[in-house]
Amino acid sequence: MRRGGHEGTSERLVNRTVERYGVWLRSTVVLLCVALGLVWADAADVPLALALLAPAVLACGVRLWALRRPLPLPLALLWTLDAAVVLLMGLSQPVLDGEGGNAMVEVAVGISVIAFQFEWATRPVAGAALAGAGVVACVLGDVLSSSEHDLDVVPLVRMLIQVGLSRAGYLIVRARARAADRSAAVRAALRREADVAAARRATEREYLATLHDTASATLLMVSQGDSRDWSWLPPRARQDLEALSAMPGFETGSVDLAALLGCVPEGEGQARVRLTTHIEGPLTIPSGPGLAIFNGVREAVTNVSRHAGVREAELRAWREEGNGVVVELSDAGRGFDPDSVPVRRRGISGSIIGRMRAVGGTASITSRPGAGTRVRWRWHDQGRVPQAHDRGRVPPAGGGAGQATEVLGPAGRTRAEHTAAVRFIRGQLLIGAQLVALLICLVWQFTISLRRLVAHQDVYHPAWPQTAAFVCLVAVAATGGASLLRGRRIPPGVRGWCLGSVLAVSAVSAYTLPPHHATGPADWAFGVVGWHALFLLADLRVRWYAAFLGAHIGINAAAVVWHGAPAAAEAAVLGIATVGSCGLQFAIGALMTHLLRDTAPAAGSAAAREEELRTRERIHEHLQSDHKERYRALTATTVPLLVGLGHGVLSPHDEEVRLRCGVEGARMRRLFAEGDAVADPLLNELRACVEVAEHQGVTVSLAVRGQPGEVPVEIRRELIDPVAVTLGRTRSAARVTVVWTPGAVRVSAVGADCADDRTEAAAVPAQRRAADPQVTVVRTRRGESMWAEASWSRPASSGVALP
């Protein structure tokens, strides 16, 4: 796609390809014609011919050398070299003289002006000026070589038609390349946004898992106040603060997992878990999976300390076949039923399974009551196909963690997308190539060939086979063109019938021509048959087209011999005509094949690399922005608590500090619940806050009235935060009510025996954005009771399902 005047990937490669082919085609034909012309010339004329043709050969050599090693030559000099080639070829015509010399110059100049449209495709004015120089060269050659100084207009008209077809053909292919670039850009933008969203979700999961393992766990423990020895708290708070201020990403470097596992904390005092380790190191893996496994093992060890009822566990790690690693932590504790874990519990679903899913690995928990617990982490190189024995059910967010899950890396998807992109680009270029060949067929047949057929009716004996052959070619073009216009490939059966018909036309035309007319003005079919075959065979490899041209040339050569062996001069003229006609057709066929077989994959690869770079830049930009926003959101409430606890400014023995920690813990639990796929997100997040209060000994009743509806996440945050503050400061009992009405939703909480708001920060939402003007918050305190209500008036266009 052209952005601000810049070429798209496909268009750029098409321009580069046609330029190279134009130079090679013109140089090859010029060199071949010069060699034939020198053989044709009289010995006395060879020195003068060399004086004219040697500079032309040298100019072609310079252009070929510039393709291999770009030279710092100005465009004006290159244009001058190209113009000099055709002018020198035209001036050599009177020196070479004769029918062979005229044919040689006509072929060399004719193909040169065609190739100029490719060489200077991006500069049409220069290409048109070179075509004009070719016409001037032909006029000079004809006038100087003719004794009457007359001018043959027919070759000039044919040359102008060929120039127009060349330019039109390039424009058609370029239009298809631009269409491919536009479509690829649209699809790439969609994939880029999807990849950015996926990366942001993965980082969000890692952020929530880290928050759960660090600040959330620490603050909830402080809020419960069930520890007599708080010596562990300051270093733990400082570590949590460091983890929040430097969120780990998914780096592409490598780490030694064995070294990481050697640093897994066992805990202190009565909470210590003695680990027996059996690690087969080193285990070098990317740091993203390595950190995910390490953090998951750390969380699992904490779970052993809290829930297993034992103080010993075994940690094993080894490398698996296929460049993978397996880590296993097992204990002989009381065990549990993984499927019975509540949805809102994040230790297993987020910190263990969620982390591994985010990096393309698996984590499985095997346990049952009374039989201990085994947690296994498995990671393999990206692109590994999961086996039947380890392809388990993917649990829902926060759901049952007893089943293994396998998530493949993006390598397989990337290869599939690259293949699809190459196939699409190739399809667009194929349509363009077939349109070009069809255009040449129709224009050539109904201008040059039709004029020759009509003008030489008296030459053919009989004439009706030639007319019938012409009609047959029209039918072939119509049949193939109908498939192309419907956007379909030509069916194999139709292709075979059409190719057989084209070869039959070649044979009929060749064997019904009178002797000595082959490739001459009366031979209307020799130059057009190859274009029909190119249209039919454009989607196949070039060898098929070469085989067809060989059969076509063989049929005509056999017909010439059948009429009588030609003289040497006549054979030379036939050879030059064959080079000028079939050689050009084969070169165009090779160009089309190169565009389809080589340029399309190259364009797909280049576009993929460019898109990968753009995607990485976008992901980096968004992740940096997200990280800053998260840290900024925590600055108002959570970070001050961690700083105070970490440096001894705040005491866990202080009831106000414990209440503030409880409020922050409730806010974090609500944040964790945002990602759950549930029918009523508002109620789900409220229950997360209620669960925290219940763990602190508060009796909470929850009532819902009306039919739930959809509420934006930003509004849910504003509605629930006053409830979280009230529940966090309640000591004994509370009541939470949600009321849905046709025009609004209200969330209220009444807490009995509530502590005073001595800290204003406790009432500030932890992740508050700009408050929505439609959300109204009212707080009332009467003695020991506190009532808070948040209401949201829905916009008129918002739809909420009502009973």
# chains A, B, ... in the order shown; residues from 1 in each chain; ligands from 1
call {"tool": "residues_around", "arguments": {"residues": "Trp562 in chain A", "least_positions_apart": "5", "cutoff": "12 Å", "atoms": "only C-alpha atoms", "output": "list in words"}}
result
Ala510, Tyr511, Thr512, Leu513, Pro514, Pro515, His516, Ala518, Gly554, Ile555, Asn556 and Ala557 of chain A
call {"tool": "write_last_selection", "arguments": {"atoms": "C-alpha atoms", "output": "JSON list (two decimals), in the first residue's frame"}}
result
[["chain", "number", "residue", "atom", "x", "y", "z"],
["A", 510, "ALA", "CA", 1.78, -23.06, -41.10],
["A", 511, "TYR", "CA", 0.78, -25.82, -43.54],
["A", 512, "THR", "CA", -1.72, -23.77, -45.54],
["A", 513, "LEU", "CA", 0.73, -20.91, -46.12],
["A", 514, "PRO", "CA", 2.36, -20.82, -49.55],
["A", 515, "PRO", "CA", 6.12, -21.47, -49.63],
["A", 516, "HIS", "CA", 8.46, -18.67, -48.51],
["A", 518, "ALA", "CA", 6.55, -18.27, -43.08],
["A", 554, "GLY", "CA", 8.80, -27.15, -34.32],
["A", 555, "ILE", "CA", 5.48, -27.22, -36.20],
["A", 556, "ASN", "CA", 6.37, -24.12, -38.20],
["A", 557, "ALA", "CA", 9.93, -25.33, -38.87]]
call {"tool": "closest_atom_pairs", "arguments": {"of": "range 108-206 of chain A", "to": "range 439-458 of chain A", "cutoff": "9 Å", "atoms": "only C-alpha atoms", "output": "JSON lines"}}
result
{"residue": "A:Arg158", "atom": "CA", "partner": "A:Ile448", "partner_atom": "CA", "distance": 7.1}
{"residue": "A:Ile161", "atom": "CA", "partner": "A:Trp444", "partner_atom": "CA", "distance": 8.3}
{"residue": "A:Gln162", "atom": "CA", "partner": "A:Ile440", "partner_atom": "CA", "distance": 8.6}
{"residue": "A:Leu165", "atom": "CA", "partner": "A:Ile440", "partner_atom": "CA", "distance": 6.4}
{"residue": "A:Ser166", "atom": "CA", "partner": "A:Ile440", "partner_atom": "CA", "distance": 8.8}
{"residue": "A:Ala168", "atom": "CA", "partner": "A:Leu439", "partner_atom": "CA", "distance": 8.7}
{"residue": "A:Gly169", "atom": "CA", "partner": "A:Leu439", "partner_atom": "CA", "distance": 7.9}
call {"tool": "write_last_selection", "arguments": {"atoms": "N, CA, C and O atoms", "output": "PDB file, in the first residue's frame"}}
result
ATOM      1  N   ARG A 158       3.254  -1.110 -35.648  1.00  0.00           N
ATOM      2  CA  ARG A 158       3.352  -2.299 -34.805  1.00  0.00           C
ATOM      3  C   ARG A 158       4.184  -2.016 -33.554  1.00  0.00           C
ATOM      4  O   ARG A 158       3.857  -2.453 -32.453  1.00  0.00           O
ATOM      5  N   ILE A 161       2.134  -0.027 -31.066  1.00  0.00           N
ATOM      6  CA  ILE A 161       1.164  -0.897 -30.397  1.00  0.00           C
ATOM      7  C   ILE A 161       1.839  -1.711 -29.303  1.00  0.00           C
ATOM      8  O   ILE A 161       1.324  -1.857 -28.191  1.00  0.00           O
ATOM      9  N   GLN A 162       3.027  -2.232 -29.615  1.00  0.00           N
ATOM     10  CA  GLN A 162       3.752  -3.017 -28.622  1.00  0.00           C
ATOM     11  C   GLN A 162       4.149  -2.171 -27.416  1.00  0.00           C
ATOM     12  O   GLN A 162       4.090  -2.634 -26.272  1.00  0.00           O
ATOM     13  N   LEU A 165       1.046  -1.680 -25.361  1.00  0.00           N
ATOM     14  CA  LEU A 165       0.704  -2.904 -24.631  1.00  0.00           C
ATOM     15  C   LEU A 165       1.653  -3.135 -23.459  1.00  0.00           C
ATOM     16  O   LEU A 165       1.242  -3.601 -22.382  1.00  0.00           O
ATOM     17  N   SER A 166       2.922  -2.832 -23.658  1.00  0.00           N
ATOM     18  CA  SER A 166       3.892  -3.010 -22.571  1.00  0.00           C
ATOM     19  C   SER A 166       3.549  -2.115 -21.394  1.00  0.00           C
ATOM     20  O   SER A 166       3.559  -2.560 -20.226  1.00  0.00           O
ATOM     21  N   ALA A 168       0.630  -0.716 -20.725  1.00  0.00           N
ATOM     22  CA  ALA A 168      -0.649  -1.140 -20.146  1.00  0.00           C
ATOM     23  C   ALA A 168      -0.472  -2.396 -19.303  1.00  0.00           C
ATOM     24  O   ALA A 168      -1.070  -2.534 -18.230  1.00  0.00           O
ATOM     25  N   GLY A 169       0.360  -3.335 -19.792  1.00  0.00           N
ATOM     26  CA  GLY A 169       0.606  -4.548 -19.023  1.00  0.00           C
ATOM     27  C   GLY A 169       1.236  -4.255 -17.675  1.00  0.00           C
ATOM     28  O   GLY A 169       0.845  -4.827 -16.652  1.00  0.00           O
TER      29      GLY A 169
END
call {"tool": "closest_residue", "arguments": {"among": "A:Val39, A:Val704, A:Met221, A:Ala180", "to": "Val692 in chain A", "atoms": "only C-alpha atoms"}}
result
A:Met221
call {"tool": "closest_residue", "arguments": {"among": "A:Ala308, A:Ile720, A:Ala752, A:Val505", "to": "Val738 in chain A", "atoms": "only C-alpha atoms"}}
result
A:Ile720
call {"tool": "closest_residue", "arguments": {"among": "A:Arg272, A:Arg355, A:His278, A:His647", "to": "Ala292 in chain A", "atoms": "only C-alpha atoms"}}
result
A:Arg355
call {"tool": "atom_distance", "arguments": {"atom1": "CA of Leu260 in chain A", "atom2": "CA of Asn295 in chain A"}}
result
9.6 Å
call {"tool": "select_by_dssp", "arguments": {"residues": "range 116-262 of chain A", "states": "alpha helix (DSSP H)", "output": "ChimeraX atom specification"}}
result
/A:116-119,124-145,153-211,217-224,233-245,257-261
call {"tool": "residues_around", "arguments": {"residues": "range 783-794 of chain A", "least_positions_apart": "6", "cutoff": "7 Å", "atoms": "only C-alpha atoms", "output": "list in words"}}
result
Leu719, Pro722, Val723, Gly743, Ala744, Val745, Arg746, Val747, Ser748, Ala749, Val750, Gly751, Ala752, Asp753, Cys754, Gln774, Val775, Thr776 and Val777 of chain A
call {"tool": "closest_residue", "arguments": {"among": "A:Gly22, A:Pro521, A:Pro124, A:Gly101", "to": "Ala587 in chain A", "atoms": "only C-alpha atoms"}}
result
A:Gly22
call {"tool": "atom_distance", "arguments": {"atom1": "CA of Ala51 in chain A", "atom2": "CA of Gly132 in chain A"}}
result
23.7 Å
call {"tool": "atom_distance", "arguments": {"atom1": "CA of Arg667 in chain A", "atom2": "CA of Val301 in chain A"}}
result
25.6 Å
call {"tool": "closest_residue", "arguments": {"among": "A:Cys582, A:Cys138, A:Ala59, A:Leu13", "to": "Leu91 in chain A", "atoms": "only C-alpha atoms"}}
result
A:Cys138
call {"tool": "closest_residue", "arguments": {"among": "A:Arg178, A:Leu77, A:Val46, A:Glu119", "to": "Val95 in chain A", "atoms": "only C-alpha atoms"}}
result
A:Val46
